[in-house]
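Asks: Handing over query24.tsv, TSV, C-alpha atoms.
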```
chain	number	residue	atom	x	y	z
A	17	MET	CA	11.67	26.55	-2.19
A	18	PRO	CA	9.40	23.88	-0.54
A	19	ALA	CA	6.28	25.41	-2.13
A	20	ASP	CA	8.04	25.58	-5.48
A	21	LEU	CA	9.22	21.97	-5.16
A	22	SER	CA	5.73	20.80	-4.26
A	23	ALA	CA	4.25	22.63	-7.25
A	24	ARG	CA	6.84	21.17	-9.61
A	25	ALA	CA	6.34	17.67	-8.23
A	26	HIS	CA	2.57	18.01	-8.66
A	27	GLY	CA	3.06	19.27	-12.21
A	28	ALA	CA	5.28	16.31	-13.06
A	29	GLY	CA	2.71	13.91	-11.63
A	30	MET	CA	-0.12	15.49	-13.58
A	31	ALA	CA	1.93	15.40	-16.80
A	32	ALA	CA	2.37	11.66	-16.26
A	33	ILE	CA	-1.41	11.13	-16.32
A	34	ALA	CA	-2.28	13.63	-19.04
A	35	GLY	CA	-5.23	12.35	-21.01
A	36	PHE	CA	-7.02	10.85	-18.00
A	37	ASP	CA	-10.05	12.66	-16.65
A	38	VAL	CA	-9.79	12.15	-12.89
A	39	SER	CA	-12.80	14.32	-12.02
A	40	SER	CA	-14.87	11.20	-11.30
A	41	ALA	CA	-12.22	9.49	-9.16
A	42	ALA	CA	-14.32	9.55	-5.97
A	43	ALA	CA	-17.27	7.84	-7.68
A	44	ALA	CA	-14.94	5.29	-9.28
A	45	VAL	CA	-13.37	4.42	-5.91
A	46	GLU	CA	-16.83	4.02	-4.40
A	47	ASP	CA	-17.83	1.63	-7.20
A	48	LEU	CA	-14.73	-0.52	-6.73
A	49	ASP	CA	-15.21	-0.64	-2.97
A	50	ARG	CA	-18.87	-1.57	-3.36
A	51	LEU	CA	-18.12	-4.46	-5.69
A	52	VAL	CA	-15.71	-6.05	-3.22
A	53	LEU	CA	-18.07	-5.58	-0.27
A	54	LEU	CA	-20.94	-7.15	-2.22
A	55	GLY	CA	-18.68	-10.00	-3.30
A	56	ILE	CA	-17.65	-10.73	0.28
A	57	ALA	CA	-21.27	-10.54	1.44
A	58	ALA	CA	-22.35	-12.96	-1.29
A	59	GLU	CA	-19.61	-15.46	-0.37
A	60	LEU	CA	-20.41	-15.30	3.35
A	61	HIS	CA	-24.08	-15.81	2.57
A	62	ARG	CA	-23.25	-18.84	0.46
A	63	THR	CA	-20.78	-20.59	2.75
A	64	THR	CA	-21.49	-19.56	6.34
A	65	ARG	CA	-24.25	-19.47	8.91
A	66	LEU	CA	-24.69	-15.73	8.27
A	67	GLY	CA	-27.22	-16.76	5.67
A	68	ALA	CA	-29.40	-18.25	8.42
A	69	PRO	CA	-31.48	-16.48	11.08
A	70	GLY	CA	-29.92	-15.55	14.41
A	71	THR	CA	-26.80	-13.73	15.53
A	72	HIS	CA	-23.34	-15.16	14.94
A	73	SER	CA	-19.87	-14.38	16.25
A	74	PRO	CA	-16.91	-13.80	13.93
A	75	ASP	CA	-15.29	-16.92	15.40
A	76	LEU	CA	-18.21	-19.10	14.31
A	77	VAL	CA	-18.16	-17.57	10.85
A	78	ALA	CA	-14.41	-18.25	10.65
A	79	ASP	CA	-15.15	-21.86	11.63
A	80	ASP	CA	-17.64	-22.15	8.78
A	81	LEU	CA	-15.03	-20.89	6.34
A	82	GLY	CA	-12.34	-23.23	7.70
A	83	ALA	CA	-10.05	-20.24	8.12
A	84	ALA	CA	-6.42	-20.99	8.94
A	85	ALA	CA	-5.34	-19.87	12.40
A	86	ARG	CA	-3.28	-16.98	11.06
A	87	HIS	CA	-6.18	-15.69	8.92
A	88	ARG	CA	-9.07	-15.97	11.41
A	89	TRP	CA	-8.77	-12.30	12.39
A	90	ILE	CA	-9.61	-11.30	8.81
A	91	VAL	CA	-13.19	-12.54	9.16
A	92	ALA	CA	-13.89	-10.07	11.99
A	93	HIS	CA	-12.18	-7.34	9.95
A	94	TRP	CA	-14.43	-8.04	6.98
A	95	LEU	CA	-17.58	-8.19	9.09
A	96	ALA	CA	-16.74	-4.81	10.62
A	97	ALA	CA	-16.33	-3.39	7.10
A	98	LEU	CA	-19.68	-4.85	6.02
A	99	HIS	CA	-21.30	-3.37	9.11
A	100	GLY	CA	-19.72	0.01	8.40
A	101	ALA	CA	-21.13	-0.10	4.87
A	102	GLY	CA	-24.63	-0.93	6.10
A	103	LEU	CA	-24.52	-4.46	4.67
A	104	ALA	CA	-24.70	-6.25	8.03
A	105	ARG	CA	-25.98	-5.51	11.52
A	106	ARG	CA	-24.14	-6.05	14.79
A	107	ASP	CA	-25.50	-6.44	18.31
A	108	GLY	CA	-24.04	-5.09	21.54
A	109	GLU	CA	-21.98	-8.26	22.06
A	110	GLY	CA	-20.23	-8.07	18.70
A	111	ARG	CA	-22.31	-10.73	16.96
A	112	TYR	CA	-23.59	-10.20	13.44
A	113	HIS	CA	-26.92	-10.74	11.73
A	114	SER	CA	-29.09	-9.52	8.85
A	115	LEU	CA	-26.29	-9.79	6.31
A	116	HIS	CA	-27.36	-8.31	2.99
A	117	ARG	CA	-27.74	-10.95	0.30
A	118	PRO	CA	-26.79	-9.47	-3.08
A	119	SER	CA	-28.91	-10.58	-6.01
A	120	ARG	CA	-27.35	-11.73	-9.27
A	121	ALA	CA	-28.59	-8.55	-10.90
A	122	GLU	CA	-26.99	-6.43	-8.17
A	123	LEU	CA	-23.66	-8.22	-8.55
A	124	ALA	CA	-23.79	-7.92	-12.34
A	125	ALA	CA	-24.51	-4.20	-12.10
A	126	ALA	CA	-21.66	-3.75	-9.61
A	127	ARG	CA	-19.28	-5.56	-11.93
A	128	ALA	CA	-20.31	-3.35	-14.84
A	129	ARG	CA	-19.68	-0.25	-12.73
A	130	MET	CA	-16.33	-1.72	-11.68
A	131	GLU	CA	-15.26	-1.95	-15.31
A	132	GLY	CA	-16.15	1.69	-15.88
A	133	ALA	CA	-14.37	2.67	-12.67
A	134	GLY	CA	-11.25	0.81	-13.71
A	135	THR	CA	-11.18	2.67	-16.99
A	136	ALA	CA	-11.65	6.01	-15.22
A	137	LEU	CA	-8.74	5.29	-12.88
A	138	GLY	CA	-6.45	3.95	-15.58
A	139	TYR	CA	-6.46	0.46	-14.10
A	140	PRO	CA	-5.13	-2.20	-16.48
A	141	ARG	CA	-7.17	-5.35	-17.08
A	142	GLU	CA	-4.88	-7.23	-14.69
A	143	LEU	CA	-6.09	-5.17	-11.74
A	144	ALA	CA	-9.73	-5.97	-12.40
A	145	ASP	CA	-8.82	-9.62	-12.86
A	146	LEU	CA	-6.99	-9.62	-9.52
A	147	MET	CA	-10.01	-8.17	-7.75
A	148	LEU	CA	-12.44	-10.67	-9.26
A	149	ARG	CA	-10.09	-13.62	-8.81
A	150	SER	CA	-9.53	-12.82	-5.13
A	151	LEU	CA	-13.31	-12.74	-4.58
A	152	ARG	CA	-13.72	-16.13	-6.24
A	153	LEU	CA	-10.94	-17.56	-4.09
A	154	ILE	CA	-12.08	-16.23	-0.69
A	155	PRO	CA	-12.38	-19.70	0.91
A	156	GLN	CA	-9.00	-20.82	-0.44
A	157	LEU	CA	-7.34	-17.58	0.67
A	158	LEU	CA	-8.69	-17.89	4.20
A	159	ARG	CA	-7.78	-21.59	4.40
A	160	ASP	CA	-4.24	-20.61	3.32
A	161	GLU	CA	-4.48	-22.86	0.27
A	162	VAL	CA	-3.75	-19.91	-2.03
A	163	GLY	CA	-1.37	-17.07	-1.19
A	164	VAL	CA	-1.58	-13.46	-2.28
A	165	GLN	CA	1.82	-13.82	-3.97
A	166	ALA	CA	0.27	-16.37	-6.33
A	167	LEU	CA	-2.46	-13.85	-7.19
A	168	LEU	CA	0.05	-11.06	-7.82
A	169	TYR	CA	2.33	-13.30	-9.91
A	170	PRO	CA	0.07	-15.71	-11.81
A	171	ASP	CA	2.26	-18.19	-13.70
A	172	GLY	CA	5.25	-16.32	-12.29
A	173	GLU	CA	4.60	-13.27	-14.45
A	174	PRO	CA	4.86	-9.74	-12.95
A	175	ALA	CA	2.10	-8.03	-14.99
A	176	THR	CA	-0.47	-8.09	-12.18
A	177	ALA	CA	1.97	-6.75	-9.59
A	178	GLU	CA	2.99	-4.02	-12.03
A	179	ALA	CA	-0.68	-3.12	-12.45
A	180	VAL	CA	-1.08	-2.78	-8.68
A	181	TYR	CA	2.04	-0.76	-7.96
A	182	ARG	CA	2.85	1.07	-11.19
A	183	ASP	CA	0.45	0.90	-14.13
A	184	ASN	CA	-2.48	2.95	-12.88
A	185	VAL	CA	-3.29	6.64	-12.54
A	186	ILE	CA	-2.43	7.21	-8.88
A	187	SER	CA	0.81	5.22	-9.04
A	188	ARG	CA	1.94	7.07	-12.16
A	189	TYR	CA	1.12	10.40	-10.56
A	190	LEU	CA	2.93	9.63	-7.29
A	191	ASN	CA	5.96	7.95	-8.86
A	192	LEU	CA	6.60	10.77	-11.34
A	193	ALA	CA	6.03	13.40	-8.65
A	194	ALA	CA	8.59	11.52	-6.56
A	195	ALA	CA	10.99	11.45	-9.51
A	196	GLU	CA	10.79	15.24	-9.71
A	197	VAL	CA	11.79	15.47	-6.05
A	198	VAL	CA	14.77	13.19	-6.71
A	199	ARG	CA	15.70	15.23	-9.80
A	200	ASP	CA	15.68	18.36	-7.64
A	201	LEU	CA	17.92	16.73	-5.04
A	202	ALA	CA	20.32	15.43	-7.68
A	203	GLY	CA	20.54	18.83	-9.36
A	204	HIS	CA	22.71	20.42	-6.69
A	205	PRO	CA	24.21	17.76	-4.42
A	206	PRO	CA	26.96	18.73	-1.96
A	207	ARG	CA	28.61	15.40	-2.84
A	208	PRO	CA	27.78	12.29	-4.86
A	209	LEU	CA	24.45	11.10	-3.50
A	210	ARG	CA	23.99	8.18	-1.14
A	211	ILE	CA	20.50	6.70	-1.40
A	212	LEU	CA	18.75	3.88	0.45
A	213	GLU	CA	15.43	2.39	-0.69
A	214	LEU	CA	13.56	0.35	1.91
A	215	GLY	CA	11.32	-2.55	0.94
A	216	ALA	CA	11.63	-1.78	-2.76
A	217	GLY	CA	9.60	-4.85	-3.82
A	218	ILE	CA	9.22	-5.18	-7.58
A	219	GLY	CA	10.97	-1.83	-8.07
A	220	ALA	CA	7.83	-0.07	-9.28
A	221	THR	CA	8.98	3.26	-7.86
A	222	THR	CA	12.67	2.57	-8.43
A	223	ALA	CA	12.00	2.33	-12.16
A	224	ASP	CA	10.88	5.97	-12.23
A	225	LEU	CA	13.51	7.30	-9.83
A	226	LEU	CA	16.55	5.92	-11.64
A	227	PRO	CA	16.03	8.01	-14.81
A	228	ALA	CA	15.99	11.13	-12.61
A	229	LEU	CA	19.52	10.21	-11.52
A	230	ALA	CA	20.90	9.62	-15.01
A	231	GLY	CA	24.09	11.61	-15.54
A	232	ARG	CA	24.06	12.85	-11.95
A	233	PRO	CA	26.76	12.21	-9.34
A	234	VAL	CA	25.59	9.18	-7.34
A	235	GLU	CA	27.88	7.26	-5.02
A	236	SER	CA	25.40	4.51	-4.14
A	237	TYR	CA	21.76	3.51	-4.44
A	238	VAL	CA	21.09	0.56	-2.14
A	239	PHE	CA	18.00	-1.38	-3.18
A	240	THR	CA	16.72	-3.44	-0.26
A	241	ASP	CA	13.92	-5.85	0.43
A	242	LEU	CA	13.08	-8.62	2.86
A	243	SER	CA	12.58	-11.12	0.02
A	244	PRO	CA	15.43	-12.68	-2.00
A	245	PHE	CA	12.88	-13.06	-4.82
A	246	PHE	CA	12.54	-9.30	-5.24
A	247	ILE	CA	16.29	-8.78	-4.98
A	248	ASP	CA	16.84	-11.28	-7.79
A	249	VAL	CA	14.13	-9.63	-9.93
A	250	ALA	CA	15.75	-6.22	-9.42
A	251	ARG	CA	19.23	-7.50	-10.35
A	252	ARG	CA	17.84	-8.67	-13.68
A	253	ARG	CA	15.71	-5.58	-14.25
A	254	PHE	CA	17.98	-2.65	-13.42
A	255	ASP	CA	21.41	-1.72	-14.69
A	256	ALA	CA	23.18	1.23	-13.13
A	257	PRO	CA	26.81	1.31	-11.93
A	258	PHE	CA	25.89	2.74	-8.52
A	259	LEU	CA	23.19	0.17	-7.67
A	260	ARG	CA	23.74	-2.28	-4.83
A	261	TYR	CA	21.33	-4.90	-3.49
A	262	GLU	CA	20.84	-6.02	0.09
A	263	LEU	CA	18.37	-8.10	2.07
A	264	LEU	CA	16.86	-5.97	4.83
A	265	ASP	CA	14.13	-6.43	7.43
A	266	VAL	CA	12.79	-3.02	8.51
A	267	THR	CA	11.63	-4.49	11.83
A	268	GLU	CA	15.33	-4.65	12.74
A	269	GLU	CA	17.92	-1.89	13.09
A	270	LEU	CA	18.59	-0.07	9.84
A	271	PRO	CA	22.20	-0.24	8.62
A	272	GLY	CA	24.52	2.66	7.96
A	273	PRO	CA	26.46	5.34	9.81
A	274	PRO	CA	24.52	8.25	11.34
A	275	GLY	CA	24.22	11.17	8.96
A	276	GLY	CA	25.46	9.16	6.01
A	277	LEU	CA	22.52	9.29	3.62
A	278	ASP	CA	21.11	12.00	1.37
A	279	LEU	CA	17.84	10.24	0.55
A	280	VAL	CA	15.79	7.41	2.02
A	281	VAL	CA	12.93	6.08	-0.12
A	282	ALA	CA	10.07	3.99	1.24
A	283	ALA	CA	7.27	3.40	-1.27
A	284	THR	CA	4.15	1.63	0.02
A	285	MET	CA	6.09	-0.19	2.71
A	286	ALA	CA	6.70	1.97	5.82
A	287	HIS	CA	3.28	0.97	7.19
A	288	ASN	CA	4.67	-2.57	7.50
A	289	ALA	CA	6.85	-1.46	10.41
A	290	PRO	CA	5.37	-2.51	13.77
A	291	HIS	CA	6.09	0.99	15.08
A	292	VAL	CA	6.19	3.65	12.35
A	293	GLY	CA	7.56	6.29	14.71
A	294	ARG	CA	10.53	4.09	15.61
A	295	LEU	CA	11.27	3.48	11.93
A	296	LEU	CA	11.12	7.20	11.10
A	297	ASP	CA	13.38	8.01	14.06
A	298	GLN	CA	15.95	5.57	12.64
A	299	VAL	CA	15.61	7.06	9.17
A	300	ALA	CA	16.08	10.57	10.54
A	301	GLY	CA	19.25	9.43	12.27
A	302	LEU	CA	20.67	8.15	8.99
A	303	LEU	CA	20.05	11.37	7.05
A	304	ALA	CA	22.75	13.93	6.45
A	305	PRO	CA	21.85	17.57	7.21
A	306	GLY	CA	19.33	18.61	4.56
A	307	GLY	CA	18.78	14.98	3.54
A	308	ARG	CA	15.30	13.85	2.58
A	309	VAL	CA	12.95	10.99	3.26
A	310	LEU	CA	10.47	10.18	0.48
A	311	LEU	CA	7.38	8.19	1.44
A	312	ILE	CA	4.55	6.94	-0.73
A	313	GLU	CA	1.79	5.76	1.58
A	314	THR	CA	-1.85	4.76	1.69
A	315	VAL	CA	-3.67	6.77	4.35
A	316	LYS	CA	-6.98	4.92	4.42
A	317	GLU	CA	-7.96	1.31	3.85
A	318	HIS	CA	-10.41	0.94	0.98
A	319	ALA	CA	-12.67	-2.08	0.66
A	320	GLN	CA	-11.20	-2.90	-2.74
A	321	SER	CA	-8.07	-4.23	-0.98
A	322	LEU	CA	-9.89	-6.33	1.65
A	323	THR	CA	-9.35	-9.62	-0.14
A	324	THR	CA	-5.66	-9.07	-0.85
A	325	MET	CA	-3.97	-6.86	1.73
A	326	PRO	CA	-5.13	-8.55	4.99
A	327	PRO	CA	-4.15	-12.07	3.85
A	328	ALA	CA	-0.77	-10.71	2.76
A	329	LEU	CA	-0.21	-9.18	6.21
A	330	SER	CA	-1.14	-12.15	8.41
A	331	PRO	CA	1.93	-13.20	10.41
A	332	ARG	CA	3.15	-16.61	9.32
A	333	ASP	CA	3.17	-17.85	12.92
A	334	GLY	CA	0.30	-16.19	14.73
A	335	THR	CA	-3.40	-16.01	15.35
A	336	GLY	CA	-4.14	-12.33	14.94
A	337	PRO	CA	-3.44	-9.22	12.91
A	338	PRO	CA	0.14	-8.01	12.47
A	339	PRO	CA	1.56	-6.78	15.80
A	340	ARG	CA	1.51	-3.00	16.05
A	341	GLN	CA	2.99	-0.81	18.78
A	342	ASP	CA	2.01	2.61	17.48
A	343	GLU	CA	-1.33	4.35	16.87
A	344	ARG	CA	-2.66	1.11	15.40
A	345	ALA	CA	-2.04	-0.99	18.53
A	346	GLY	CA	-5.06	-3.04	19.55
A	347	THR	CA	-6.79	-2.56	16.18
A	348	THR	CA	-6.79	-4.24	12.77
A	349	ARG	CA	-5.74	-1.00	11.05
A	350	THR	CA	-3.09	-1.34	8.35
A	351	TYR	CA	-2.39	2.33	7.67
A	352	LEU	CA	-1.78	5.58	9.48
A	353	THR	CA	-3.86	8.59	8.55
A	354	ARG	CA	-2.40	11.56	6.71
A	355	GLU	CA	-2.35	13.56	9.95
A	356	GLU	CA	-0.60	10.72	11.80
A	357	TRP	CA	2.12	10.49	9.14
A	358	ARG	CA	2.76	14.22	9.31
A	359	SER	CA	2.86	14.08	13.10
A	360	ARG	CA	5.29	11.17	13.11
A	361	LEU	CA	7.60	12.87	10.61
A	362	ALA	CA	7.60	16.05	12.70
A	363	HIS	CA	8.27	14.06	15.88
A	364	ALA	CA	11.31	12.55	14.16
A	365	GLY	CA	12.62	16.07	13.59
A	366	LEU	CA	11.79	16.13	9.87
A	367	ARG	CA	10.11	19.04	8.11
A	368	VAL	CA	7.37	18.08	5.64
A	369	GLU	CA	7.97	19.90	2.35
A	370	VAL	CA	5.77	17.92	-0.02
A	371	ASP	CA	2.36	16.41	0.74
A	372	LEU	CA	0.54	15.47	-2.46
A	373	PRO	CA	-2.02	15.35	-4.05
A	374	PRO	CA	-3.07	18.88	-3.03
A	375	ASP	CA	-6.10	19.39	-0.82
A	376	GLY	CA	-9.31	19.29	-2.82
A	377	HIS	CA	-7.77	17.51	-5.81
A	378	PRO	CA	-9.85	14.59	-7.20
A	379	LEU	CA	-6.91	12.21	-6.74
A	380	THR	CA	-7.20	12.54	-2.95
A	381	ALA	CA	-10.15	10.13	-3.20
A	382	LEU	CA	-7.69	7.29	-3.80
A	383	SER	CA	-6.10	7.89	-0.35
A	384	GLN	CA	-2.51	7.46	-1.51
A	385	ARG	CA	-0.03	10.24	-0.90
A	386	LEU	CA	3.55	11.37	-1.43
A	387	PHE	CA	5.29	12.79	1.62
A	388	VAL	CA	8.74	14.33	1.39
A	389	ALA	CA	10.38	15.56	4.58
A	390	THR	CA	13.80	17.12	5.15
A	391	ALA	CA	16.31	16.82	7.95
A	392	PRO	CA	17.46	20.08	9.53
A	393	MET	CA	20.67	21.70	8.36
A	394	GLU	CA	23.58	21.78	10.75
A	395	SER	CA	23.58	24.69	13.13
A	396	SER	CA	25.97	27.40	12.11
```
Write the structure described by the file as structure tokens, please.

Replies:
Amino acid sequence: MPADLSARAHGAGMAAIAGFDVSSAAAAVEDLDRLVLLGIAAELHRTTRLGAPGTHSPDLVADDLGAAARHRWIVAHWLAALHGAGLARRDGEGRYHSLHRPSRAELAAARARMEGAGTALGYPRELADLMLRSLRLIPQLLRDEVGVQALLYPDGEPATAEAVYRDNVISRYLNLAAAEVVRDLAGHPPRPLRILELGAGIGATTADLLPALAGRPVESYVFTDLSPFFIDVARRRFDAPFLRYELLDVTEELPGPPGGLDLVVAATMAHNAPHVGRLLDQVAGLLAPGGRVLLIETVKEHAQSLTTMPPALSPRDGTGPPPRQDERAGTTRTYLTREEWRSRLAHAGLRVEVDLPPDGHPLTALSQRLFVATAPMESS
């Protein structure tokens, strides 16, 4: 059954992106990453001492940029990424020099490749605009004069956020594969289903899961998020008799009786937990025998998100990266690797049944995956 479920979920995901040729996904991702790295390098050359001879510490570069206290760590994170891409050099004391200075022609060529890459990956115009706008606003982002929320919701409209989380090839694939898993669960429930979605945000995944539940016995689907804004958006957007809405902070204890849930959904949010293992242990405790957890997660940070994700993650009151107590402790890593997610699920006593896209598939280049894991059945 798990192999069959995985195959059906993959088939549903591929049907959702029929018409897109994803064979060049790896090259497209590389082009998008390169544009952002070149854009950061150009801005640092223009506004900081990295354009001058000598070696310079990340702290001095952050001073040049006027970075807010909570965003100063991002400068070191960016410099490490530039070094990893061969665009800057670093000495034994962690100071940087020889930053590559992109020419106008190089930047123009990178932008042209970005447009082709966006088309190849099914990215709407809004996603390209977000990437370019965040590069133009690097100083304002680091000074905390502009927030990522303003970039995702220009003029209060959700189109850009929808482009990020829903209207692109990998999101369509993963969301419709996830919907097939939910359809399978709803096809033979032992009782009306009880579902909890953690950190549901704009409801990008919710919108594809709810149709899979149409006409099925569902007792409750609890849509949760930390932000009242997203709860209000969801109340206006969705209409199903079993939907409930609650504010929830996943850094605190999850609500609900042990063994009371048939499905827990966490789409692009479980990495926000300070300790992923602790969160998954709590989720496992809430699942009924045979219940499932459905995760959509990024398993590698790509440069294309460097100007949006780190500023969004900076603690409001703090001077460093988000506090982590798991494998990421002491680093600026945002995500766990695929192997770490599988290990954490297993440690929580959950059996991984779906792990998509399949090995060797072109979509793996985007480093986003669907994990579905099942709680053990009761002992006979």

Asks: Would you write out, as JSON lines, a table of all residues in segment 244-316 of chain A that have an atom no more than 12 Å from an atom of segment 185-188 of chain A, listing for each the closest atom pair and the distance in Å to one decimal, considering only C-alpha atoms and ordering rows by chain and rising residue number?

Replies:
```
{"residue": "A:Ala283", "atom": "CA", "partner": "A:Ser187", "partner_atom": "CA", "distance": 10.3}
{"residue": "A:Thr284", "atom": "CA", "partner": "A:Ser187", "partner_atom": "CA", "distance": 10.3}
{"residue": "A:Ile312", "atom": "CA", "partner": "A:Ser187", "partner_atom": "CA", "distance": 9.3}
{"residue": "A:Glu313", "atom": "CA", "partner": "A:Ser187", "partner_atom": "CA", "distance": 10.7}
{"residue": "A:Thr314", "atom": "CA", "partner": "A:Ile186", "partner_atom": "CA", "distance": 10.9}
```

Asks: Of the candidates A:Gly301, A:Gly365, A:Gly307, A:Gly55, which one gets nearest to Glu269 of chain A if we count only C-alpha atoms?

Replies: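 Checking each candidate against Glu269 of chain A, we get A:Gly301 as the closest.
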
Asks: Between atom CA of Ser73 of chain A and atom CA of Arg111 of chain A, what is the distance, to one decimal in Å?

Replies: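 These two atoms are separated by 4.4 Å.
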
Asks: Excluding segment 290-298 of chain A and its own-chain neighbours fewer than 3 positions away, which residues fall within 10 Å of it when counting only C-alpha atoms? Please give them as a PyMOL selection string.

Replies: chain A and resi 266-271+274+286-287+301-303+309+338-345+351-352+356-357+359-366

Asks: Counting all atoms listed in the file, which of A:Ala175, A:Leu53, A:Ala96, A:Val249 gets nearest to Pro74 of chain A?

Replies: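 Going through A:Ala175, A:Leu53, A:Ala96, A:Val249 one by one, the smallest distance to Pro74 of chain A is for A:Ala96.
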
Asks: Give me the residues within 12 Å of Arg332 of chain A as a ChimeraX atom specification, counting only C-alpha atoms and dropping any in the same chain fewer than 5 places off.

Replies: /A:84-87,160,163,327,337-339

Asks: If you keep C-alpha atoms, can you produce a file of those selected residues as a PDB file, in the coordinates of the input?

Replies:
```pdb
ATOM      1  CA  ALA A  84      -6.420 -20.990   8.940  1.00  0.00           C
ATOM      2  CA  ALA A  85      -5.340 -19.870  12.400  1.00  0.00           C
ATOM      3  CA  ARG A  86      -3.280 -16.980  11.060  1.00  0.00           C
ATOM      4  CA  HIS A  87      -6.180 -15.690   8.920  1.00  0.00           C
ATOM      5  CA  ASP A 160      -4.240 -20.610   3.320  1.00  0.00           C
ATOM      6  CA  GLY A 163      -1.370 -17.070  -1.190  1.00  0.00           C
ATOM      7  CA  PRO A 327      -4.150 -12.070   3.850  1.00  0.00           C
ATOM      8  CA  PRO A 337      -3.440  -9.220  12.910  1.00  0.00           C
ATOM      9  CA  PRO A 338       0.140  -8.010  12.470  1.00  0.00           C
ATOM     10  CA  PRO A 339       1.560  -6.780  15.800  1.00  0.00           C
TER      11      PRO A 339
END
```

Asks: Quick one: distance from atom CA of Phe387 of chain A to atom CA of Leu310 of chain A in Å, one decimal?

Replies: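 For atom CA of Phe387 of chain A relative to atom CA of Leu310 of chain A, the distance reads 5.9 Å.
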
Asks: Need the neighbours of (-15.5, -24.0, 8.5): which residues are at most 10 Å away, counting all atoms listed in the file, as a PyMOL selection string?

Replies: chain A and resi 63-65+75-84+155+159

Asks: Selection from above, C-alpha atoms, as a short mmCIF file (atom, residue, chain, number, x, y, z; two decimals), in the frame of the given file, can you write it?

Replies:
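Dumped to again.cif:
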```
data_model
loop_
_atom_site.label_atom_id
_atom_site.label_comp_id
_atom_site.auth_asym_id
_atom_site.auth_seq_id
_atom_site.Cartn_x
_atom_site.Cartn_y
_atom_site.Cartn_z
CA THR A 63 -20.78 -20.59 2.75
CA THR A 64 -21.49 -19.56 6.34
CA ARG A 65 -24.25 -19.47 8.91
CA ASP A 75 -15.29 -16.92 15.40
CA LEU A 76 -18.21 -19.10 14.31
CA VAL A 77 -18.16 -17.57 10.85
CA ALA A 78 -14.41 -18.25 10.65
CA ASP A 79 -15.15 -21.86 11.63
CA ASP A 80 -17.64 -22.15 8.78
CA LEU A 81 -15.03 -20.89 6.34
CA GLY A 82 -12.34 -23.23 7.70
CA ALA A 83 -10.05 -20.24 8.12
CA ALA A 84 -6.42 -20.99 8.94
CA PRO A 155 -12.38 -19.70 0.91
CA ARG A 159 -7.78 -21.59 4.40
#
```
